[in-house]
$ cat coords_6.cif   # mmCIF, C-alpha atoms
data_protein
#
loop_
_atom_site.label_atom_id
_atom_site.label_comp_id
_atom_site.auth_asym_id
_atom_site.auth_seq_id
_atom_site.Cartn_x
_atom_site.Cartn_y
_atom_site.Cartn_z
CA MET A 1 21.62 -8.81 0.23
CA THR A 2 20.59 -6.16 -2.25
CA ASP A 3 20.98 -2.44 -1.88
CA LYS A 4 17.49 -1.79 -3.21
CA HIS A 5 15.62 0.58 -0.92
CA ILE A 6 11.84 0.15 -0.90
CA LEU A 7 9.25 2.50 0.58
CA VAL A 8 5.92 1.12 1.77
CA ALA A 9 3.73 4.21 2.19
CA TYR A 10 0.20 4.04 3.52
CA GLY A 11 -2.87 6.03 4.45
CA THR A 12 -4.91 4.75 7.39
CA GLN A 13 -7.49 5.98 9.83
CA ASN A 14 -7.47 3.37 12.57
CA GLY A 15 -4.17 1.54 11.97
CA GLY A 16 -5.30 -1.57 10.10
CA THR A 17 -3.62 -0.51 6.86
CA ALA A 18 -0.46 0.42 8.78
CA GLY A 19 -0.27 -3.18 9.99
CA ILE A 20 -0.45 -4.44 6.41
CA ALA A 21 2.27 -1.99 5.32
CA GLU A 22 4.53 -3.05 8.18
CA GLU A 23 4.10 -6.72 7.24
CA ILE A 24 4.92 -5.97 3.60
CA ALA A 25 8.07 -4.07 4.64
CA ALA A 26 9.13 -6.88 7.01
CA THR A 27 8.65 -9.48 4.27
CA LEU A 28 10.64 -7.42 1.75
CA GLU A 29 13.42 -7.15 4.36
CA LYS A 30 13.42 -10.94 4.80
CA ASP A 31 13.70 -11.24 1.02
CA GLY A 32 16.87 -9.14 0.97
CA MET A 33 15.55 -5.63 0.44
CA LEU A 34 16.03 -2.55 2.59
CA ALA A 35 12.40 -1.62 3.26
CA GLU A 36 10.54 0.77 5.50
CA ALA A 37 6.86 1.45 6.16
CA ARG A 38 5.92 5.10 6.60
CA PRO A 39 2.69 7.10 6.75
CA ALA A 40 2.11 8.60 3.30
CA ALA A 41 1.51 12.04 4.82
CA ASP A 42 5.06 12.04 6.24
CA VAL A 43 6.79 11.38 2.89
CA THR A 44 7.80 14.41 0.85
CA ASP A 45 10.24 12.80 -1.60
CA VAL A 46 10.77 9.32 -3.06
CA THR A 47 14.05 9.86 -4.93
CA ALA A 48 15.98 7.80 -2.33
CA TYR A 49 13.84 4.74 -3.08
CA ASP A 50 14.23 2.21 -5.88
CA ALA A 51 10.59 1.13 -5.67
CA VAL A 52 7.42 2.08 -3.81
CA VAL A 53 4.46 0.17 -2.48
CA LEU A 54 1.49 2.46 -1.79
CA GLY A 55 -1.60 1.41 0.08
CA GLY A 56 -4.69 2.92 1.53
CA GLY A 57 -7.67 1.95 3.58
CA LEU A 58 -10.84 2.08 1.51
CA TYR A 59 -13.56 4.50 2.50
CA ALA A 60 -16.58 4.76 0.18
CA GLY A 61 -14.54 3.19 -2.62
CA ARG A 62 -11.63 5.62 -2.33
CA TRP A 63 -8.27 5.35 -0.61
CA HIS A 64 -7.64 7.21 2.61
CA ARG A 65 -6.93 10.85 1.73
CA ASP A 66 -3.23 10.56 2.70
CA ALA A 67 -2.67 7.84 0.07
CA ARG A 68 -4.56 9.84 -2.59
CA ARG A 69 -2.60 13.00 -1.82
CA PHE A 70 0.69 11.07 -1.88
CA ALA A 71 -0.10 9.75 -5.37
CA ARG A 72 -1.00 13.21 -6.68
CA ARG A 73 1.84 15.06 -4.99
CA LEU A 74 4.63 12.65 -6.05
CA LYS A 75 3.25 11.33 -9.35
CA VAL A 76 6.22 12.48 -11.47
CA ARG A 77 8.81 10.72 -9.28
CA LEU A 78 6.59 7.68 -8.79
CA ARG A 79 6.35 7.15 -12.55
CA GLU A 80 10.17 6.87 -12.63
CA ARG A 81 10.28 3.74 -10.46
CA PRO A 82 8.36 0.50 -9.99
CA VAL A 83 5.19 1.00 -7.93
CA TRP A 84 2.71 -1.51 -6.56
CA CYS A 85 -0.52 -0.63 -4.77
CA PHE A 86 -2.80 -2.26 -2.26
CA SER A 87 -6.17 -1.51 -0.77
CA SER A 88 -7.43 -2.52 2.63
CA GLY A 89 -11.05 -2.59 3.36
CA PRO A 90 -13.55 -5.35 2.85
CA LEU A 91 -14.93 -6.07 6.29
CA ASP A 92 -15.65 -9.68 5.42
CA ALA A 93 -13.78 -12.69 4.04
CA THR A 94 -14.20 -11.87 0.33
CA ALA A 95 -10.60 -10.67 -0.10
CA THR A 96 -9.32 -14.11 0.88
CA GLN A 97 -11.87 -15.95 -1.27
CA LYS A 98 -11.27 -14.18 -4.57
CA GLU A 99 -9.17 -11.50 -6.19
CA ILE A 100 -10.86 -8.14 -5.80
CA PRO A 101 -9.89 -5.58 -8.45
CA PRO A 102 -9.15 -1.99 -7.47
CA THR A 103 -12.12 0.33 -7.24
CA ARG A 104 -12.59 2.83 -10.05
CA ALA A 105 -11.15 5.64 -7.92
CA VAL A 106 -8.10 3.58 -6.92
CA GLN A 107 -7.61 2.57 -10.56
CA ARG A 108 -7.43 6.27 -11.48
CA ASP A 109 -4.78 6.84 -8.79
CA MET A 110 -2.84 3.80 -10.04
CA SER A 111 -2.95 5.04 -13.63
CA ARG A 112 -1.65 8.44 -12.53
CA ILE A 113 1.49 6.84 -11.05
CA GLY A 114 1.98 3.95 -13.49
CA ALA A 115 1.45 1.18 -10.92
CA ARG A 116 2.44 -2.34 -11.94
CA GLY A 117 0.01 -4.24 -9.79
CA HIS A 118 -2.62 -4.15 -7.07
CA ALA A 119 -3.99 -6.36 -4.33
CA THR A 120 -7.00 -5.93 -2.10
CA PHE A 121 -6.71 -7.25 1.45
CA GLY A 122 -9.33 -7.61 4.12
CA GLY A 123 -9.62 -4.74 6.55
CA ARG A 124 -9.79 -4.40 10.29
CA LEU A 125 -12.42 -2.62 12.35
CA ASP A 126 -11.53 -2.10 15.98
CA PRO A 127 -14.23 -2.31 18.65
CA ASP A 128 -13.66 1.39 19.49
CA PRO A 129 -12.62 3.07 16.21
CA GLN A 130 -12.34 6.73 15.22
CA GLY A 131 -15.09 8.25 13.10
CA TRP A 132 -18.84 8.15 13.52
CA LEU A 133 -19.46 5.67 10.68
CA ALA A 134 -16.83 3.23 11.93
CA ARG A 135 -18.20 3.50 15.49
CA SER A 136 -21.69 2.81 14.19
CA MET A 137 -20.47 -0.25 12.30
CA ALA A 138 -18.59 -1.52 15.36
CA LYS A 139 -21.72 -1.13 17.49
CA ARG A 140 -23.60 -3.29 14.97
CA GLY A 141 -21.12 -6.12 15.57
CA MET A 142 -18.86 -5.58 12.55
CA ALA A 143 -15.67 -5.14 14.62
CA HIS A 144 -13.25 -7.82 13.46
CA ASP A 145 -9.83 -8.29 11.87
CA TRP A 146 -10.24 -9.61 8.30
CA ARG A 147 -6.58 -9.21 7.29
CA ASP A 148 -5.01 -12.44 5.99
CA PHE A 149 -1.31 -12.13 6.73
CA GLU A 150 -0.39 -15.23 4.69
CA GLN A 151 -1.97 -13.55 1.66
CA ILE A 152 -0.14 -10.29 2.42
CA ILE A 153 3.22 -12.06 2.84
CA GLY A 154 2.73 -14.01 -0.41
CA TRP A 155 2.04 -10.80 -2.32
CA ALA A 156 5.13 -9.13 -0.83
CA HIS A 157 7.27 -12.16 -1.82
CA ASP A 158 6.02 -11.74 -5.41
CA ILE A 159 7.11 -8.08 -5.39
CA ALA A 160 10.54 -9.01 -4.02
CA ALA A 161 10.99 -11.68 -6.69
CA GLU A 162 10.20 -9.17 -9.42
CA LEU A 163 12.53 -6.57 -7.92
CA HIS A 164 15.41 -9.06 -7.73
CA GLN A 165 15.10 -9.51 -11.51
CA GLN A 166 15.45 -5.84 -12.47
CA PRO A 167 17.74 -2.88 -11.79
CA GLY A 168 16.51 -0.32 -9.27
CA ALA A 169 15.48 3.21 -10.20
CA ARG A 170 18.69 4.66 -8.79
CA GLU A 171 20.81 2.11 -10.69
CA ALA A 172 19.00 2.94 -13.95
CA ASP A 173 19.50 6.68 -13.31
CA GLU A 174 23.25 6.12 -12.84
CA ARG A 175 23.48 4.43 -16.26
CA LYS A 176 21.87 7.39 -18.06
#

$ encode --input "coords_6.cif" --output "structure tokens"
Amino acid sequence: MTDKHILVAYGTQNGGTAGIAEEIAATLEKDGMLAEARPAADVTDVTAYDAVVLGGGLYAGRWHRDARRFARRLKVRLRERPVWCFSSGPLDATATQKEIPPTRAVQRDMSRIGARGHATFGGRLDPDPQGWLARSMAKRGMAHDWRDFEQIIGWAHDIAAELHQQPGAREADERK
């Protein structure tokens, strides 16, 4: 068991991205990390964490506002530790068929915080979602869960493997 503490922060509108974040945190825990998934809007400081995974649901090519604000608000501290990012959004099977790069807006957010990597996962649209656009899409028959949890778990295992090979942010700070 490691003492590395990992935050999985997320921005979501209807809960699909929260489910991805919770699965990432659970996988990191199984791989020997201390991990927790939290809404990005609830996090005011990341100094207690050795690494961060930040994700957001995609809306018009941009992360949910809570994920964007998190990246802007905490960019200095995020640059001091390993950060990975994920996006949730395609409402079809494309995310399981090929690697989808981050959108231009997400790439800007990733550059701001020095992110090491990114994955795009399929999204989820509930039959009765919040928001007029999502409700319209659901009425047109687009309500479905496109998240591939095997893909999500595999990506989280890759993060854990990389973290096991390096000192955490707090450990590096103690050596300075």

$ closest_residue --input "coords_6.cif" --among "A:Gly57, A:Gly131, A:Pro90, A:Gly117" --to "Ile159 (chain A)" --atoms "all atoms listed in the file"
A:Gly117

$ resolve_selection --input "coords_6.cif" --expression "the PyMOL selection byres ((chain A and resi 145-157) around 9)" --output "MDAnalysis selection string"
chainID A and resid 16 20 23:28 31 88:93 95:96 119 121:126 143:144 158:162

$ residues_around --input "coords_6.cif" --residues "region 2-10 of chain A" --least-positions-apart "6" --cutoff "8 Å" --atoms "all atoms listed in the file" --output "list in words"
Thr17, Ala18, Ala21, Glu22, Ile24, Ala25, Gly32, Met33, Leu34, Ala35, Glu36, Ala37, Arg38, Pro39, Ala40, Val43, Val46, Ala48, Tyr49, Asp50, Ala51, Val52, Val53, Leu54, Gly55, Gly56, Asp66, Ala67 and Gly168 of chain A

$ write_last_selection --input "coords_6.cif" --atoms "C-alpha atoms" --output "compact mmCIF listing (two decimals), in the coordinates of the input"
# COMPACT_ATOMS: atom_id res chain seq x y z
CA THR A 17 -3.62 -0.51 6.86
CA ALA A 18 -0.46 0.42 8.78
CA ALA A 21 2.27 -1.99 5.32
CA GLU A 22 4.53 -3.05 8.18
CA ILE A 24 4.92 -5.97 3.60
CA ALA A 25 8.07 -4.07 4.64
CA GLY A 32 16.87 -9.14 0.97
CA MET A 33 15.55 -5.63 0.44
CA LEU A 34 16.03 -2.55 2.59
CA ALA A 35 12.40 -1.62 3.26
CA GLU A 36 10.54 0.77 5.50
CA ALA A 37 6.86 1.45 6.16
CA ARG A 38 5.92 5.10 6.60
CA PRO A 39 2.69 7.10 6.75
CA ALA A 40 2.11 8.60 3.30
CA VAL A 43 6.79 11.38 2.89
CA VAL A 46 10.77 9.32 -3.06
CA ALA A 48 15.98 7.80 -2.33
CA TYR A 49 13.84 4.74 -3.08
CA ASP A 50 14.23 2.21 -5.88
CA ALA A 51 10.59 1.13 -5.67
CA VAL A 52 7.42 2.08 -3.81
CA VAL A 53 4.46 0.17 -2.48
CA LEU A 54 1.49 2.46 -1.79
CA GLY A 55 -1.60 1.41 0.08
CA GLY A 56 -4.69 2.92 1.53
CA ASP A 66 -3.23 10.56 2.70
CA ALA A 67 -2.67 7.84 0.07
CA GLY A 168 16.51 -0.32 -9.27

$ closest_residue --input "coords_6.cif" --among "A:Lys98, A:Lys30, A:Arg112, A:His64" --to "Glu80 (chain A)" --atoms "all atoms listed in the file"
A:Arg112

$ residues_around --input "coords_6.cif" --residues "Val76 (chain A)" --least-positions-apart "4" --cutoff "10 Å" --atoms "only C-alpha atoms" --output "tab-separated table (two decimals) with C-alpha atoms, in the frame of the given file"
chain	number	residue	atom	x	y	z
A	71	ALA	CA	-0.10	9.75	-5.37
A	72	ARG	CA	-1.00	13.21	-6.68
A	80	GLU	CA	10.17	6.87	-12.63
A	81	ARG	CA	10.28	3.74	-10.46
A	112	ARG	CA	-1.65	8.44	-12.53
A	113	ILE	CA	1.49	6.84	-11.05
A	114	GLY	CA	1.98	3.95	-13.49

$ atom_distance --input "coords_6.cif" --atom1 "CA of Arg77 (chain A)" --atom2 "CA of Thr120 (chain A)"
24.1 Å

$ closest_residue --input "coords_6.cif" --among "A:Gln107, A:Gln166, A:Ser136, A:Thr47" --to "Phe86 (chain A)" --atoms "only C-alpha atoms"
A:Gln107

$ atom_distance --input "coords_6.cif" --atom1 "CA of Asp45 (chain A)" --atom2 "CA of Arg73 (chain A)"
9.3 Å

$ closest_residue --input "coords_6.cif" --among "A:Met110, A:Lys139, A:Gln130, A:Pro82" --to "Asn14 (chain A)" --atoms "all atoms listed in the file"
A:Gln130

$ atom_distance --input "coords_6.cif" --atom1 "CA of Arg79 (chain A)" --atom2 "CA of Gln13 (chain A)"
26.3 Å

$ build_atoms --input "coords_6.cif" --residues "region 87-98 of chain A" --atoms "all heavy atoms" --output "short mmCIF file (atom, residue, chain, number, x, y, z; two decimals), in the coordinates of the input"
data_model
loop_
_atom_site.label_atom_id
_atom_site.label_comp_id
_atom_site.auth_asym_id
_atom_site.auth_seq_id
_atom_site.Cartn_x
_atom_site.Cartn_y
_atom_site.Cartn_z
N SER A 87 -5.02 -2.10 -1.46
CA SER A 87 -6.17 -1.51 -0.77
C SER A 87 -6.52 -2.41 0.39
O SER A 87 -6.37 -3.63 0.33
CB SER A 87 -7.37 -1.40 -1.71
OG SER A 87 -7.08 -0.55 -2.80
N SER A 88 -7.01 -1.80 1.43
CA SER A 88 -7.43 -2.52 2.63
C SER A 88 -8.86 -2.10 2.93
O SER A 88 -9.14 -0.92 2.99
CB SER A 88 -6.51 -2.13 3.79
OG SER A 88 -7.06 -2.50 5.03
N GLY A 89 -9.73 -3.07 3.07
CA GLY A 89 -11.05 -2.59 3.36
C GLY A 89 -12.20 -3.54 3.49
O GLY A 89 -13.02 -3.34 4.38
N PRO A 90 -12.34 -4.55 2.67
CA PRO A 90 -13.55 -5.35 2.85
C PRO A 90 -13.63 -5.86 4.29
O PRO A 90 -12.66 -6.41 4.81
CB PRO A 90 -13.38 -6.50 1.87
CG PRO A 90 -12.40 -6.02 0.86
CD PRO A 90 -11.51 -5.05 1.59
N LEU A 91 -14.74 -5.61 4.91
CA LEU A 91 -14.93 -6.07 6.29
C LEU A 91 -15.68 -7.39 6.29
O LEU A 91 -16.71 -7.56 6.94
CB LEU A 91 -15.66 -4.99 7.11
CG LEU A 91 -14.87 -3.70 7.29
CD1 LEU A 91 -15.68 -2.66 8.05
CD2 LEU A 91 -13.53 -3.95 7.96
N ASP A 92 -15.14 -8.31 5.49
CA ASP A 92 -15.65 -9.68 5.42
C ASP A 92 -14.54 -10.53 4.81
O ASP A 92 -13.44 -10.04 4.57
CB ASP A 92 -16.95 -9.76 4.61
CG ASP A 92 -16.82 -9.24 3.19
OD1 ASP A 92 -15.70 -9.28 2.61
OD2 ASP A 92 -17.83 -8.79 2.63
N ALA A 93 -14.81 -11.77 4.52
CA ALA A 93 -13.78 -12.69 4.04
C ALA A 93 -13.60 -12.68 2.52
O ALA A 93 -12.80 -13.47 2.00
CB ALA A 93 -14.09 -14.10 4.51
N THR A 94 -14.26 -11.81 1.79
CA THR A 94 -14.20 -11.87 0.33
C THR A 94 -12.80 -11.70 -0.22
O THR A 94 -12.45 -12.31 -1.24
CB THR A 94 -15.13 -10.81 -0.33
OG1 THR A 94 -14.76 -9.51 0.16
CG2 THR A 94 -16.58 -11.10 -0.05
N ALA A 95 -11.96 -10.90 0.41
CA ALA A 95 -10.60 -10.67 -0.10
C ALA A 95 -9.75 -11.93 -0.04
O ALA A 95 -8.79 -12.05 -0.81
CB ALA A 95 -9.93 -9.53 0.65
N THR A 96 -10.08 -12.85 0.83
CA THR A 96 -9.32 -14.11 0.88
C THR A 96 -9.94 -15.17 -0.01
O THR A 96 -9.30 -16.17 -0.32
CB THR A 96 -9.24 -14.65 2.32
OG1 THR A 96 -10.55 -14.86 2.82
CG2 THR A 96 -8.48 -13.70 3.22
N GLN A 97 -11.17 -14.96 -0.45
CA GLN A 97 -11.87 -15.95 -1.27
C GLN A 97 -11.69 -15.73 -2.76
O GLN A 97 -11.79 -16.67 -3.55
CB GLN A 97 -13.36 -15.93 -0.93
CG GLN A 97 -13.64 -16.33 0.49
CD GLN A 97 -15.06 -16.02 0.92
OE1 GLN A 97 -15.79 -15.31 0.22
NE2 GLN A 97 -15.46 -16.53 2.07
N LYS A 98 -11.43 -14.48 -3.15
CA LYS A 98 -11.27 -14.18 -4.57
C LYS A 98 -10.45 -12.91 -4.72
O LYS A 98 -10.34 -12.12 -3.78
CB LYS A 98 -12.63 -14.01 -5.25
CG LYS A 98 -13.44 -12.84 -4.71
CD LYS A 98 -14.78 -12.70 -5.38
CE LYS A 98 -15.53 -11.51 -4.81
NZ LYS A 98 -16.80 -11.31 -5.46
#
